[in-house]
$ cat final-v7.txt   # compact mmCIF, C-alpha atoms
# COMPACT_ATOMS: atom_id res chain seq x y z
CA MET A 1460 0.00 0.00 0.00
CA GLU A 1461 1.47 3.32 -1.03
CA LYS A 1462 2.01 5.82 1.78
CA LEU A 1463 1.17 9.51 1.60
CA THR A 1464 2.59 11.90 4.21
CA TYR A 1465 -0.61 13.24 5.69
CA PHE A 1466 -1.09 16.50 7.60
CA PRO A 1467 -4.47 16.41 9.38
CA GLY A 1468 -4.59 19.85 11.04
CA CYS A 1469 -6.48 20.69 14.21
CA THR A 1470 -10.07 20.68 12.99
CA LEU A 1471 -9.93 17.18 11.50
CA LYS A 1472 -9.19 15.93 15.00
CA ASP A 1473 -12.16 17.77 16.44
CA THR A 1474 -15.23 19.19 14.68
CA ALA A 1475 -14.32 17.65 11.30
CA ARG A 1476 -13.69 14.07 12.52
CA ASP A 1477 -15.95 12.68 9.79
CA PHE A 1478 -13.67 14.23 7.18
CA GLU A 1479 -10.68 12.29 8.50
CA ILE A 1480 -12.60 9.05 9.07
CA SER A 1481 -14.02 9.03 5.55
CA GLY A 1482 -10.75 10.27 4.02
CA MET A 1483 -8.77 7.42 5.60
CA ALA A 1484 -11.40 4.88 4.54
CA VAL A 1485 -11.62 5.91 0.89
CA MET A 1486 -7.86 6.18 0.46
CA GLU A 1487 -7.40 2.72 1.96
CA ALA A 1488 -10.00 1.43 -0.49
CA LEU A 1489 -7.94 2.96 -3.30
CA GLY A 1490 -4.73 1.37 -2.03
CA TYR A 1491 -3.18 4.34 -0.24
CA GLU A 1492 -2.32 4.86 3.41
CA LEU A 1493 -2.63 8.36 4.84
CA ALA A 1494 0.41 8.18 7.14
CA GLU A 1495 0.01 10.93 9.72
CA LEU A 1496 2.97 13.27 10.04
CA GLU A 1497 4.66 12.87 13.43
CA ARG A 1498 4.68 15.81 15.86
CA TRP A 1499 2.77 18.12 13.53
CA ASN A 1500 1.52 21.45 14.85
CA CYS A 1501 -1.22 23.90 13.89
CA CYS A 1502 -0.37 25.51 10.55
CA GLY A 1503 -1.71 28.88 11.76
CA THR A 1504 -4.96 28.51 9.76
CA VAL A 1505 -4.39 31.70 7.72
CA PHE A 1506 -1.31 32.74 5.76
CA SER A 1507 0.35 35.93 6.94
CA LEU A 1508 0.03 38.44 4.11
CA THR A 1509 2.69 40.97 5.04
CA GLU A 1510 6.07 40.86 3.33
CA ASP A 1511 8.13 41.44 6.46
CA ASP A 1512 6.41 38.90 8.72
CA LEU A 1513 8.56 35.79 9.04
CA MET A 1514 7.44 35.04 12.60
CA HIS A 1515 4.09 33.72 11.45
CA GLN A 1516 5.84 31.39 8.99
CA VAL A 1517 7.49 29.51 11.85
CA ALA A 1518 4.46 27.26 12.50
CA PRO A 1519 3.84 26.13 8.91
CA VAL A 1520 7.57 25.83 8.12
CA ARG A 1521 8.05 23.65 11.19
CA ASP A 1522 5.49 21.28 9.68
CA LEU A 1523 7.50 21.26 6.45
CA ILE A 1524 10.55 20.35 8.55
CA ARG A 1525 8.60 17.42 10.03
CA ALA A 1526 7.93 16.14 6.50
CA GLN A 1527 11.61 16.53 5.63
CA GLU A 1528 12.52 14.58 8.79
CA ALA A 1529 10.13 11.84 7.69
CA GLY A 1530 12.04 11.60 4.42
CA SER A 1531 9.18 13.03 2.40
CA GLU A 1532 9.22 15.90 -0.06
CA GLU A 1533 5.47 16.16 0.01
CA ILE A 1534 2.65 16.84 2.47
CA VAL A 1535 -0.94 15.88 1.63
CA THR A 1536 -3.78 17.77 3.32
CA LEU A 1537 -7.54 17.29 3.38
CA CYS A 1538 -8.43 20.62 5.00
CA SER A 1539 -8.54 23.43 2.43
CA MET A 1540 -7.32 26.03 4.90
CA CYS A 1541 -4.32 23.94 5.97
CA TYR A 1542 -3.61 23.38 2.28
CA ALA A 1543 -3.55 27.12 1.53
CA THR A 1544 -1.52 28.08 4.61
CA LEU A 1545 1.11 25.37 4.18
CA LYS A 1546 1.27 25.76 0.40
CA ARG A 1547 1.70 29.52 0.57
CA ALA A 1548 4.31 29.19 3.33
CA SER A 1549 6.23 26.71 1.16
CA LEU A 1550 6.12 29.08 -1.82
CA PHE A 1551 7.18 31.98 0.42
CA VAL A 1552 10.33 30.29 1.69
CA ASN A 1553 11.29 27.51 -0.76
CA GLY A 1554 14.11 28.82 -2.92
CA ASN A 1555 14.47 32.06 -0.91
CA GLN A 1556 17.80 31.61 0.86
CA GLU A 1557 17.54 34.78 2.94
CA ARG A 1558 14.19 33.76 4.42
CA LEU A 1559 15.35 30.17 4.93
CA ASP A 1560 18.52 31.33 6.71
CA LYS A 1561 16.56 33.57 9.07
CA LEU A 1562 13.97 30.92 9.90
CA ASN A 1563 16.60 28.22 10.36
CA ALA A 1564 18.63 30.49 12.66
CA PHE A 1565 15.49 31.21 14.70
CA MET A 1566 14.54 27.54 14.94
CA ASN A 1567 18.02 26.50 16.02
CA LYS A 1568 16.76 23.41 17.86
CA GLU A 1569 15.36 22.03 14.61
CA VAL A 1570 17.23 20.57 11.67
CA ASP A 1571 17.64 23.14 8.90
CA TYR A 1572 14.74 23.27 6.48
CA GLU A 1573 16.11 22.73 2.98
CA GLY A 1574 13.15 24.27 1.18
CA LYS A 1575 12.12 21.23 -0.81
CA VAL A 1576 8.75 20.14 0.56
CA ASN A 1577 5.73 20.56 -1.71
CA VAL A 1578 2.16 20.73 -0.42
CA VAL A 1579 -0.71 19.05 -2.27
CA HIS A 1580 -4.41 18.68 -1.59
CA LEU A 1581 -6.03 15.25 -1.58
CA LEU A 1582 -8.24 16.29 -4.52
CA GLU A 1583 -5.09 16.73 -6.61
CA VAL A 1584 -3.95 13.21 -5.67
CA LEU A 1585 -7.37 11.81 -6.62
CA ARG A 1586 -7.50 13.63 -9.95
CA ASP A 1587 -3.86 13.55 -11.07
CA ARG A 1588 -2.46 10.30 -9.69
CA ILE A 1589 -5.37 7.97 -9.12
CA GLY A 1590 -7.68 9.29 -11.82
CA TRP A 1591 -11.44 9.33 -12.18
CA ASP A 1592 -11.51 5.95 -13.96
CA ALA A 1593 -9.89 4.14 -11.02
CA ILE A 1594 -12.30 5.87 -8.64
CA GLU A 1595 -15.25 4.88 -10.79
CA ASP A 1596 -14.00 1.28 -10.80
CA ARG A 1597 -13.99 1.20 -7.00
CA VAL A 1598 -17.64 2.32 -6.69
CA SER A 1599 -19.89 -0.43 -5.33
CA ARG A 1600 -23.00 1.67 -4.67
CA PRO A 1601 -23.28 4.27 -7.46
CA LEU A 1602 -25.03 7.42 -6.30
CA ASP A 1603 -27.40 7.41 -9.27
CA GLY A 1604 -30.03 10.12 -9.02
CA LEU A 1605 -28.25 12.09 -6.32
CA THR A 1606 -27.71 15.73 -7.33
CA VAL A 1607 -24.62 17.33 -5.84
CA ALA A 1608 -23.79 21.03 -5.53
CA PRO A 1609 -20.02 21.48 -5.17
CA PHE A 1610 -18.92 24.23 -2.79
CA TYR A 1611 -15.27 25.09 -3.34
CA GLY A 1612 -15.02 28.11 -1.07
CA CYS A 1613 -11.86 30.19 -1.30
CA THR A 1614 -8.66 28.47 -0.34
CA LEU A 1615 -8.54 25.63 -2.88
CA LEU A 1616 -8.74 28.15 -5.69
CA ARG A 1617 -7.34 31.46 -4.52
CA PRO A 1618 -4.92 33.16 -4.72
CA LYS A 1619 -4.34 31.94 -8.26
CA GLU A 1620 -0.74 30.84 -7.63
CA ILE A 1621 -1.97 28.03 -5.36
CA ALA A 1622 -5.19 27.17 -7.24
CA ILE A 1623 -5.67 23.40 -7.69
CA ASP A 1624 -8.03 24.12 -10.61
CA ASP A 1625 -9.29 27.04 -12.70
CA PRO A 1626 -10.06 29.65 -9.99
CA GLU A 1627 -13.16 30.93 -11.80
CA ALA A 1628 -14.50 27.73 -13.38
CA PRO A 1629 -13.22 24.70 -11.47
CA THR A 1630 -14.45 21.20 -12.28
CA VAL A 1631 -12.60 18.88 -9.89
CA LEU A 1632 -15.53 18.42 -7.46
CA GLN A 1633 -18.02 18.00 -10.32
CA ASP A 1634 -15.75 15.41 -11.94
CA LEU A 1635 -15.44 13.57 -8.64
CA ALA A 1636 -19.21 13.59 -8.13
CA ALA A 1637 -19.73 12.24 -11.65
CA ALA A 1638 -17.10 9.50 -11.06
CA VAL A 1639 -19.11 8.15 -8.12
CA GLY A 1640 -22.33 8.16 -10.12
CA ALA A 1641 -23.90 11.35 -8.79
CA THR A 1642 -25.10 14.27 -10.90
CA PRO A 1643 -23.21 17.52 -10.31
CA VAL A 1644 -25.26 20.69 -10.64
CA ASP A 1645 -24.16 24.13 -11.75
CA TYR A 1646 -25.08 27.10 -9.55
CA PRO A 1647 -23.63 30.57 -9.21
CA PHE A 1648 -22.18 30.36 -5.69
CA ALA A 1649 -19.80 27.38 -5.99
CA VAL A 1650 -16.63 29.47 -5.71
CA GLU A 1651 -17.94 32.16 -3.35
CA CYS A 1652 -16.73 32.93 0.15
CA CYS A 1653 -18.93 31.76 3.04
CA GLY A 1654 -17.63 34.54 5.30
CA ALA A 1655 -14.91 32.39 6.87
CA TYR A 1656 -13.64 33.56 10.28
CA GLN A 1657 -15.97 36.57 10.19
CA VAL A 1658 -18.35 34.16 11.93
CA VAL A 1659 -16.56 35.04 15.18
CA ASP A 1660 -17.47 38.73 15.30
CA HIS A 1661 -19.80 39.19 12.30
CA ARG A 1662 -22.03 36.14 12.52
CA ASP A 1663 -24.85 38.10 10.84
CA ILE A 1664 -22.79 38.31 7.65
CA VAL A 1665 -22.23 34.55 7.58
CA ILE A 1666 -25.93 33.87 8.13
CA GLU A 1667 -26.73 36.07 5.15
CA ARG A 1668 -24.04 34.39 3.02
CA THR A 1669 -25.35 30.93 3.94
CA HIS A 1670 -28.88 31.94 3.04
CA ARG A 1671 -27.82 33.00 -0.44
CA ILE A 1672 -25.47 30.09 -1.10
CA MET A 1673 -27.90 27.42 0.11
CA SER A 1674 -30.90 28.99 -1.62
CA ALA A 1675 -28.98 28.98 -4.92
CA ALA A 1676 -28.05 25.31 -4.41
CA ARG A 1677 -31.70 24.55 -3.63
CA ARG A 1678 -32.88 26.34 -6.78
CA ALA A 1679 -30.45 24.19 -8.76
CA ASP A 1680 -32.26 21.13 -7.33
CA ALA A 1681 -29.29 19.96 -5.30
CA ASP A 1682 -29.81 17.18 -2.75
CA VAL A 1683 -26.54 17.83 -0.97
CA VAL A 1684 -23.70 20.36 -0.86
CA VAL A 1685 -20.17 18.93 -0.96
CA THR A 1686 -17.12 20.79 0.33
CA SER A 1687 -13.51 20.25 1.38
CA CYS A 1688 -13.22 23.05 3.94
CA PRO A 1689 -14.07 22.45 7.62
CA LEU A 1690 -14.76 26.15 8.16
CA CYS A 1691 -17.16 26.32 5.19
CA HIS A 1692 -18.77 23.15 6.55
CA TYR A 1693 -19.21 24.63 10.00
CA ASN A 1694 -20.43 28.02 8.76
CA LEU A 1695 -22.94 26.62 6.30
CA SER A 1696 -24.22 23.90 8.65
CA ASP A 1697 -24.38 25.87 11.87
CA THR A 1698 -25.98 29.04 10.53
CA GLN A 1699 -28.57 26.98 8.67
CA LYS A 1700 -30.05 26.07 12.05
CA GLU A 1701 -30.78 29.75 12.57
CA LEU A 1702 -32.26 30.05 9.08
CA VAL A 1703 -34.59 27.14 9.82
CA ARG A 1704 -35.88 29.05 12.85
CA THR A 1705 -36.09 32.51 11.30
CA VAL A 1706 -36.88 32.11 7.58
CA PRO A 1707 -40.35 30.82 6.73
CA ASP A 1708 -40.30 27.58 4.71
CA TYR A 1709 -36.50 27.36 4.84
CA LYS A 1710 -35.50 23.75 4.33
CA GLU A 1711 -32.16 22.55 5.66
CA MET A 1712 -29.69 21.34 3.04
CA PRO A 1713 -27.33 18.49 4.00
CA ILE A 1714 -23.62 19.37 3.77
CA ILE A 1715 -20.88 16.74 3.63
CA TYR A 1716 -17.20 16.46 2.78
CA PHE A 1717 -16.17 15.13 -0.63
CA THR A 1718 -14.57 12.13 1.06
CA GLN A 1719 -17.94 11.26 2.62
CA LEU A 1720 -19.55 11.32 -0.81
CA MET A 1721 -16.89 8.89 -2.03
CA ALA A 1722 -17.25 6.69 1.07
CA LEU A 1723 -21.00 6.39 0.48
CA ALA A 1724 -20.34 5.22 -3.08
CA PHE A 1725 -17.51 2.88 -2.03
CA GLY A 1726 -19.54 1.35 0.81
CA VAL A 1727 -16.85 2.21 3.41
CA ASP A 1728 -16.99 4.22 6.66
CA ALA A 1729 -18.40 7.64 5.78
CA GLY A 1730 -18.63 8.95 9.36
CA LYS A 1731 -21.83 10.71 10.38
CA ILE A 1732 -24.15 11.41 7.44
CA PRO A 1733 -27.01 13.93 7.83
CA THR A 1734 -30.36 12.20 8.28
CA ALA A 1735 -31.96 13.92 5.28
CA LEU A 1736 -29.21 12.59 3.00
CA ARG A 1737 -29.46 9.08 4.45
CA ALA A 1738 -33.20 9.13 3.76
CA LYS A 1739 -32.65 10.36 0.22
CA LEU A 1740 -30.12 7.60 -0.48
CA LYS A 1741 -32.48 5.02 0.93
CA ARG A 1742 -35.10 6.14 -1.56
CA LEU A 1743 -32.59 6.11 -4.42
CA GLN A 1744 -30.95 2.78 -3.58
CA PRO A 1745 -33.59 0.79 -1.68
CA ALA A 1746 -32.36 -2.73 -2.47
CA LYS A 1747 -28.70 -2.00 -1.97
CA ARG A 1748 -29.25 -0.04 1.22
CA GLU A 1749 -31.41 -2.73 2.77
CA GLY A 1750 -28.93 -5.39 1.70
CA MET B 51 -18.69 40.65 20.71
CA THR B 52 -17.04 43.94 21.69
CA ARG B 53 -14.83 45.88 19.36
CA THR B 54 -12.37 48.67 19.84
CA LYS B 55 -13.86 52.11 19.36
CA GLN B 56 -14.16 53.20 15.75
CA VAL B 57 -11.20 55.41 15.07
CA GLU B 58 -11.99 58.99 14.07
CA ALA B 59 -10.17 60.52 11.13
CA GLU B 60 -8.51 63.20 13.25
CA ASP B 61 -7.20 60.58 15.65
CA ILE B 62 -5.24 58.69 13.04
CA ILE B 63 -2.07 60.76 13.32
CA ALA B 64 -2.24 60.66 17.12
CA ILE B 65 -2.78 56.91 17.21
CA THR B 66 -0.38 55.80 14.51
CA GLY B 67 2.16 58.60 14.72
CA MET B 68 2.00 58.70 10.94
CA SER B 69 0.58 61.10 8.37
CA MET B 70 -1.67 59.64 5.67
CA GLY B 71 1.27 59.92 3.25
CA ASP B 72 3.44 57.87 5.61
CA ILE B 73 0.62 55.38 6.08
CA VAL B 74 0.24 54.84 2.33
CA ASP B 75 4.03 54.32 2.02
CA LYS B 76 3.93 51.83 4.91
CA ILE B 77 1.00 49.96 3.37
CA GLU B 78 2.92 49.62 0.10
CA GLU B 79 5.99 48.40 1.98
CA LEU B 80 4.09 45.83 4.07
CA SER B 81 1.93 44.55 1.21
CA GLY B 82 4.51 44.72 -1.57
CA GLN B 83 1.74 46.25 -3.70
CA ASN B 84 1.56 49.45 -5.73
CA VAL B 85 -1.77 51.05 -4.78
CA PHE B 86 -1.37 53.52 -7.66
CA ALA B 87 -1.56 50.68 -10.19
CA CYS B 88 -5.33 50.60 -9.69
CA TYR B 89 -7.25 52.36 -12.48
CA GLN B 90 -10.66 52.04 -10.83
CA CYS B 91 -12.29 49.49 -13.11
CA GLY B 92 -14.32 48.19 -10.15
CA MET B 93 -13.85 44.47 -10.81
CA CYS B 94 -12.81 43.92 -7.18
CA SER B 95 -15.98 45.51 -5.83
CA ALA B 96 -18.19 43.76 -8.38
CA GLY B 97 -17.01 40.36 -7.17
CA CYS B 98 -16.46 41.09 -3.48
CA PRO B 99 -18.80 38.97 -1.31
CA MET B 100 -18.46 41.47 1.54
CA ALA B 101 -18.91 44.66 -0.51
CA GLU B 102 -22.40 45.40 0.76
CA GLU B 103 -21.17 45.28 4.36
CA MET B 104 -18.37 47.76 3.68
CA ASP B 105 -18.40 51.53 4.37
CA LEU B 106 -16.10 51.94 1.37
CA LEU B 107 -16.10 49.48 -1.52
CA PRO B 108 -12.76 47.77 -2.25
CA ASN B 109 -12.01 50.00 -5.26
CA GLN B 110 -12.95 53.06 -3.18
CA VAL B 111 -10.48 51.99 -0.49
CA LEU B 112 -7.71 51.95 -3.10
CA HIS B 113 -8.82 55.32 -4.43
CA ALA B 114 -8.88 56.80 -0.92
CA LEU B 115 -5.31 55.55 -0.38
CA GLN B 116 -4.24 57.07 -3.71
CA ILE B 117 -5.48 60.52 -2.65
CA GLN B 118 -4.45 60.07 1.01
CA ASP B 119 -8.03 60.31 2.22
CA PRO B 120 -8.17 59.27 5.91
CA GLU B 121 -11.51 57.59 5.29
CA ALA B 122 -9.55 54.60 3.97
CA MET B 123 -8.32 54.05 7.51
CA THR B 124 -11.60 54.79 9.32
CA ALA B 125 -13.96 52.75 7.12
CA ASN B 126 -14.84 49.25 8.35
CA SER B 127 -13.80 47.72 5.01
CA MET B 128 -10.44 46.32 6.14
CA TRP B 129 -12.08 44.51 9.08
CA VAL B 130 -14.91 43.04 6.98
CA CYS B 131 -12.56 41.75 4.25
CA ALA B 132 -12.21 37.99 4.72
CA SER B 133 -9.11 37.63 2.49
CA CYS B 134 -11.17 35.46 0.14
CA TYR B 135 -9.05 36.62 -2.78
CA SER B 136 -11.90 36.98 -5.29
CA CYS B 137 -10.50 40.44 -6.09
CA GLN B 138 -6.98 39.14 -6.66
CA VAL B 139 -8.00 36.56 -9.28
CA ARG B 140 -10.00 39.20 -11.17
CA CYS B 141 -7.83 42.32 -10.95
CA PRO B 142 -6.59 43.19 -14.46
CA LYS B 143 -3.76 45.24 -12.97
CA GLY B 144 -2.41 42.49 -10.74
CA VAL B 145 -3.06 44.34 -7.47
CA ASP B 146 -3.27 41.94 -4.52
CA LEU B 147 -5.94 43.85 -2.63
CA ALA B 148 -6.13 41.24 0.15
CA LYS B 149 -2.51 42.09 0.95
CA VAL B 150 -3.34 45.81 0.95
CA MET B 151 -6.20 45.20 3.39
CA GLU B 152 -3.90 43.12 5.62
CA ALA B 153 -1.30 45.91 5.62
CA MET B 154 -4.01 48.40 6.61
CA ARG B 155 -5.04 46.18 9.54
CA GLN B 156 -1.41 45.83 10.54
CA ILE B 157 -1.05 49.61 10.82
CA TYR B 158 -3.41 49.38 13.81
CA LEU B 159 -2.55 45.91 15.10
CA ARG B 160 1.14 46.75 15.37
CA LYS B 161 0.12 49.60 17.70
CA GLN B 162 -1.57 47.02 19.94
CA LEU B 163 -5.01 48.16 18.80
CA ASP B 164 -6.76 44.81 18.62
CA HIS B 165 -10.09 44.59 16.86
CA VAL B 166 -11.45 41.51 18.64
CA SER B 167 -11.10 40.39 22.23
CA LEU B 168 -11.41 36.95 23.74
CA ASN B 169 -13.22 38.60 26.65
CA GLY B 170 -15.83 39.69 24.14
CA LEU B 171 -16.76 36.08 23.38
CA THR B 172 -19.25 34.27 25.59
CA HIS B 173 -18.47 30.80 26.95
CA ARG B 174 -21.16 29.48 24.66
CA GLU B 175 -19.53 31.08 21.62
CA ILE B 176 -16.13 29.66 22.55
CA ARG B 177 -17.61 26.17 22.99
CA ARG B 178 -19.56 26.39 19.77
CA LEU B 179 -16.99 27.87 17.40
CA PRO B 180 -14.45 25.49 15.84
CA GLN B 181 -10.83 26.36 16.63
CA ILE B 182 -10.20 27.02 12.95
CA ALA B 183 -12.58 30.02 13.19
CA ILE B 184 -11.24 31.40 16.46
CA VAL B 185 -7.57 31.02 15.51
CA SER B 186 -8.18 32.66 12.10
CA SER B 187 -10.14 35.54 13.57
CA PHE B 188 -7.52 36.29 16.20
CA ARG B 189 -4.66 35.89 13.74
CA LYS B 190 -6.35 38.47 11.49
CA LYS B 191 -7.65 40.92 14.05
CA THR B 192 -5.15 41.00 16.92
CA GLY B 193 -1.52 42.07 16.95
$ encode --input "final-v7.txt" --output "C-alpha cells"
Amino acid sequence: MEKLTYFPGCTLKDTARDFEISGMAVMEALGYELAELERWNCCGTVFSLTEDDLMHQVAPVRDLIRAQEAGSEEIVTLCSMCYATLKRASLFVNGNQERLDKLNAFMNKEVDYEGKVNVVHLLEVLRDRIGWDAIEDRVSRPLDGLTVAPFYGCTLLRPKEIAIDDPEAPTVLQDLAAAVGATPVDYPFAVECCGAYQVVDHRDIVIERTHRIMSAARRADADVVVTSCPLCHYNLSDTQKELVRTVPDYKEMPIIYFTQLMALAFGVDAGKIPTALRAKLKRLQPAKREG
Amino acid sequence: MTRTKQVEAEDIIAITGMSMGDIVDKIEELSGQNVFACYQCGMCSAGCPMAEEMDLLPNQVLHALQIQDPEAMTANSMWVCASCYSCQVRCPKGVDLAKVMEAMRQIYLRKQLDHVSLNGLTHREIRRLPQIAIVSSFRKKTG
C-alpha cells in the first residue's frame, strides 16, 4: 500500500472528525495509506500576508521540517485552509535563501529546512495520480439520481498561484461527483466565500451568506452540498439552524465532505451522514441499502 | 462581541504617529503592492462577497489611499474583508488587494489596537466555534 505523508490539522481531529474518518477509509479502499505526520503542529490557519512577517511562517515551516525529517518531499492535506496556509508558506520560503537562513537560525533546535517540501491537496492526488476511472471502478454503490452542488469556497482556488483548478470555473468536485455516479449541478455560488472567520465577530454576515449560497443550491435542485473546507462546513451547517428558525419555509440542506460522498459510493466508513441525506439515499438505492 | 472604538479621522495621526502619506508608504511596503496601479475598473468591488457590508467598496479603499483620504483608515472595510481573494483573481492590474487590506489592519494591530477580544466572546460562543474560526479571527484581528 502506497504511503502519503498526511497532515491532518487541528479541525480534523475535532469538529471535522468525519472528514478524516471518511478520508482514511476511501484512500485505503484505493490502495493508499494516509500516514500521519509525526509531531505536527497547527499551521496557523491563515497565511500571513505581510512581506516582512517571518514570525508567522514559523508554525507552517516547522510542519514542512517534520515532513523533511520523515524523508518526504510532500505533504498531503484534506483541509482546504491547511492546504492554503502550508502551500503559501512553502512558496514563500522555498528557494528564498535569505528567508530560509533567518527561519533556520530562529529555529536552532530544529534541523535546517532545505526548502524542498511541496504541499498538495487530496483532490489533486485523486485527480492527477489515481484518476477518475480508477475511482469509478472502486464504486460499489453508485449514487445514481443524487444531485450534488459542489462548494469550493476560497482556499482551494485562490490566490491563483496556489489554485488546484481554474479559480473561476473549477471542475474537480463536479468530476469527482460524476465519477461516483452522482449528478453535479451548476449554480452561481460554488466558488464564493462563506464569510470564513468573520463568523466570530460578524455572525450576521455569515448567516446572510449561507442563506444565499444554500438557496442557490436549492434552486439548482441539489440534494446535498459537498465541500472540502471544515470552516465552510461549520459556517454553512451551523448558521442553517438559525435560518430554519427565522426564515419561513427554509429547508435545511445536508452538507458533507467530498470524502464522505466517495465513502457512500464505495460502501466504506463515511462517518456521520445527515439524516436527510441518508433518507434520500435510501429512496434512491432501496435494495442495496437494505442489503 | 465587543470591538475597539471606531477610530476617528482626526485621531489617526495621534494613534499611529504617521501622516496619511506615511501610512500609504507603509502599506505599500508591508503589502509589496503598488496602490497607484489601480485604475478604478471596479472588478474587485463587483465580485467582493463582503462589498455590501463595507463603508467603502474595495475599489474606493484603493482610491482613498491614492489621494491620502483618511476615510480609507476609518472605514470598516479592512475589518470586513475575509481575504477570500476573489478580487486578486479578477484584478486586471495584478493588485493583490487582500494584501493591501492586511497591511491596513497591521497599521493598527502593530500599535496594539486589537479589533477583537477573547473577553468579548461568551463561553457558549467559545464552545460552539471550531478552533479554525477562532484562531483565524484572532490571527487576522489582533496584533
$ residues_around --input "final-v7.txt" --residues "Leu1616 of chain A" --least-positions-apart "3" --cutoff "9 Å" --atoms "only C-alpha atoms" --output "ChimeraX atom specification"
/A:1543,1611-1613,1619-1627,1629,1650 /B:135
$ closest_residue --input "final-v7.txt" --among "A:Pro1609, A:Val1517, A:Leu1550, A:Val1485" --to "Arg1597 of chain A" --atoms "all atoms listed in the file"
A:Val1485
$ atom_distance --input "final-v7.txt" --atom1 "atom CA of Trp1591 of chain A" --atom2 "atom CA of Ala1638 of chain A"
5.8 Å
$ closest_atom_pairs --input "final-v7.txt" --of "chain B" --to "chain A" --cutoff "7 Å" --atoms "all atoms listed in the file" --output "CSV"
residue,atom,partner,partner_atom,distance
B:Met51,CA,A:Asp1660,CA,5.9
B:Leu80,CA,A:Thr1509,CA,5.1
B:Ser81,CA,A:Thr1509,CA,5.3
B:Gly82,CA,A:Glu1510,CA,6.4
B:Pro99,CA,A:Cys1652,CA,6.5
B:Ala132,CA,A:Gly1654,CA,6.5
B:Cys134,CA,A:Cys1613,CA,5.5
B:Tyr135,CA,A:Arg1617,CA,5.7
B:Gln138,CA,A:Pro1618,CA,6.6
B:Val139,CA,A:Lys1619,CA,6.0
B:Lys149,CA,A:Leu1508,CA,5.5
B:Glu152,CA,A:Leu1508,CA,6.3
B:Ala153,CA,A:Thr1509,CA,6.4
B:Pro180,CA,A:Thr1474,CA,6.5
B:Gln181,CA,A:Thr1470,CA,6.8
B:Ile182,CA,A:Thr1504,CA,6.3
B:Ala183,CA,A:Tyr1656,CA,4.7
B:Ile184,CA,A:Val1659,CA,6.6
B:Val185,CA,A:Thr1504,CA,6.8
B:Ser186,CA,A:Thr1504,CA,5.8
B:Ser187,CA,A:Tyr1656,CA,5.2
$ closest_residue --input "final-v7.txt" --among "B:Asp105, B:Glu79, B:Asp164, B:Asp119" --to "Arg189 of chain B" --atoms "all atoms listed in the file"
B:Asp164
$ atom_distance --input "final-v7.txt" --atom1 "atom CA of Asn126 of chain B" --atom2 "atom CA of Met151 of chain B"
10.8 Å
$ residues_near_point --input "final-v7.txt" --point "(-14.1, 45.4, -5.7)" --cutoff "7 Å" --atoms "all atoms listed in the file" --output "VMD selection string"
chain B and resid 92 to 98 107 to 109 137
$ atom_distance --input "final-v7.txt" --atom1 "atom CA of Leu159 of chain B" --atom2 "atom CA of Ile63 of chain B"
15.0 Å
$ closest_residue --input "final-v7.txt" --among "A:Thr1698, A:Gln1516, A:Ser1687, A:Thr1630" --to "Leu1562 of chain A" --atoms "all atoms listed in the file"
A:Gln1516
$ residues_around --input "final-v7.txt" --residues "segment 1488-1493 of chain A" --least-positions-apart "5" --cutoff "12 Å" --atoms "all atoms listed in the file" --output "number ranges by chain"
A: 1460-1467, 1479-1483, 1534-1537, 1581, 1584-1585, 1588-1599, 1718, 1721-1722, 1724-1728
$ closest_residue --input "final-v7.txt" --among "B:Val166, B:Leu115, B:Leu106, B:Ile65" --to "Thr192 of chain B" --atoms "all atoms listed in the file"
B:Val166
$ residues_near_point --input "final-v7.txt" --point "(-28.2, 7.0, -9.0)" --cutoff "8 Å" --atoms "only C-alpha atoms" --output "PDB file with C-alpha atoms, keeping the file's coordinate frame"
ATOM      1  CA  PRO A1601     -23.280   4.270  -7.460  1.00  0.00           C
ATOM      2  CA  LEU A1602     -25.030   7.420  -6.300  1.00  0.00           C
ATOM      3  CA  ASP A1603     -27.400   7.410  -9.270  1.00  0.00           C
ATOM      4  CA  GLY A1604     -30.030  10.120  -9.020  1.00  0.00           C
ATOM      5  CA  LEU A1605     -28.250  12.090  -6.320  1.00  0.00           C
ATOM      6  CA  GLY A1640     -22.330   8.160 -10.120  1.00  0.00           C
ATOM      7  CA  ALA A1641     -23.900  11.350  -8.790  1.00  0.00           C
ATOM      8  CA  LEU A1743     -32.590   6.110  -4.420  1.00  0.00           C
ATOM      9  CA  GLN A1744     -30.950   2.780  -3.580  1.00  0.00           C
TER      10      GLN A1744
END
$ closest_residue --input "final-v7.txt" --among "B:Thr172, B:Phe86, B:Met128, B:Ala114" --to "Ile157 of chain B" --atoms "all atoms listed in the file"
B:Met128
$ closest_residue --input "final-v7.txt" --among "B:Met104, B:His113, B:His173, B:Arg140" --to "Ser127 of chain B" --atoms "all atoms listed in the file"
B:Met104
$ axis_aligned_box --input "final-v7.txt" --around "segment 140-146 of chain B" --padding-each-side "4 Å" --output "lines of an AutoDock Vina configuration file"
center_x = -6.2
center_y = 42.2
center_z = -9.5
size_x = 15.6
size_y = 14.0
size_z = 17.9
$ residues_around --input "final-v7.txt" --residues "Leu1513 of chain A" --least-positions-apart "5" --cutoff "12 Å" --atoms "only C-alpha atoms" --output "PyMOL selection string"
chain A and resi 1506-1508+1518-1520+1548+1551-1552+1557-1566
$ residues_around --input "final-v7.txt" --residues "Val1683 of chain A" --least-positions-apart "5" --cutoff "10 Å" --atoms "only C-alpha atoms" --output "PyMOL selection string"
chain A and resi 1605-1609+1643+1673+1676-1677+1711-1715+1720+1733+1735-1736+1739
$ decode --input "final-v7.txt" --residues "segment 1460-1464 of chain A" --atoms "N, CA and C atoms" --output "compact mmCIF listing (two decimals), in the first residue's frame"
# COMPACT_ATOMS: atom_id res chain seq x y z
N MET A 1460 0.85 -1.20 0.00
CA MET A 1460 0.00 0.00 0.00
C MET A 1460 0.88 1.25 0.00
N GLU A 1461 0.63 2.13 -0.95
CA GLU A 1461 1.47 3.32 -1.03
C GLU A 1461 1.15 4.30 0.09
N LYS A 1462 2.21 4.87 0.66
CA LYS A 1462 2.01 5.82 1.78
C LYS A 1462 2.05 7.26 1.30
N LEU A 1463 1.14 8.07 1.84
CA LEU A 1463 1.17 9.51 1.60
C LEU A 1463 1.43 10.19 2.94
N THR A 1464 2.31 11.18 2.97
CA THR A 1464 2.59 11.90 4.21
C THR A 1464 1.43 12.88 4.45
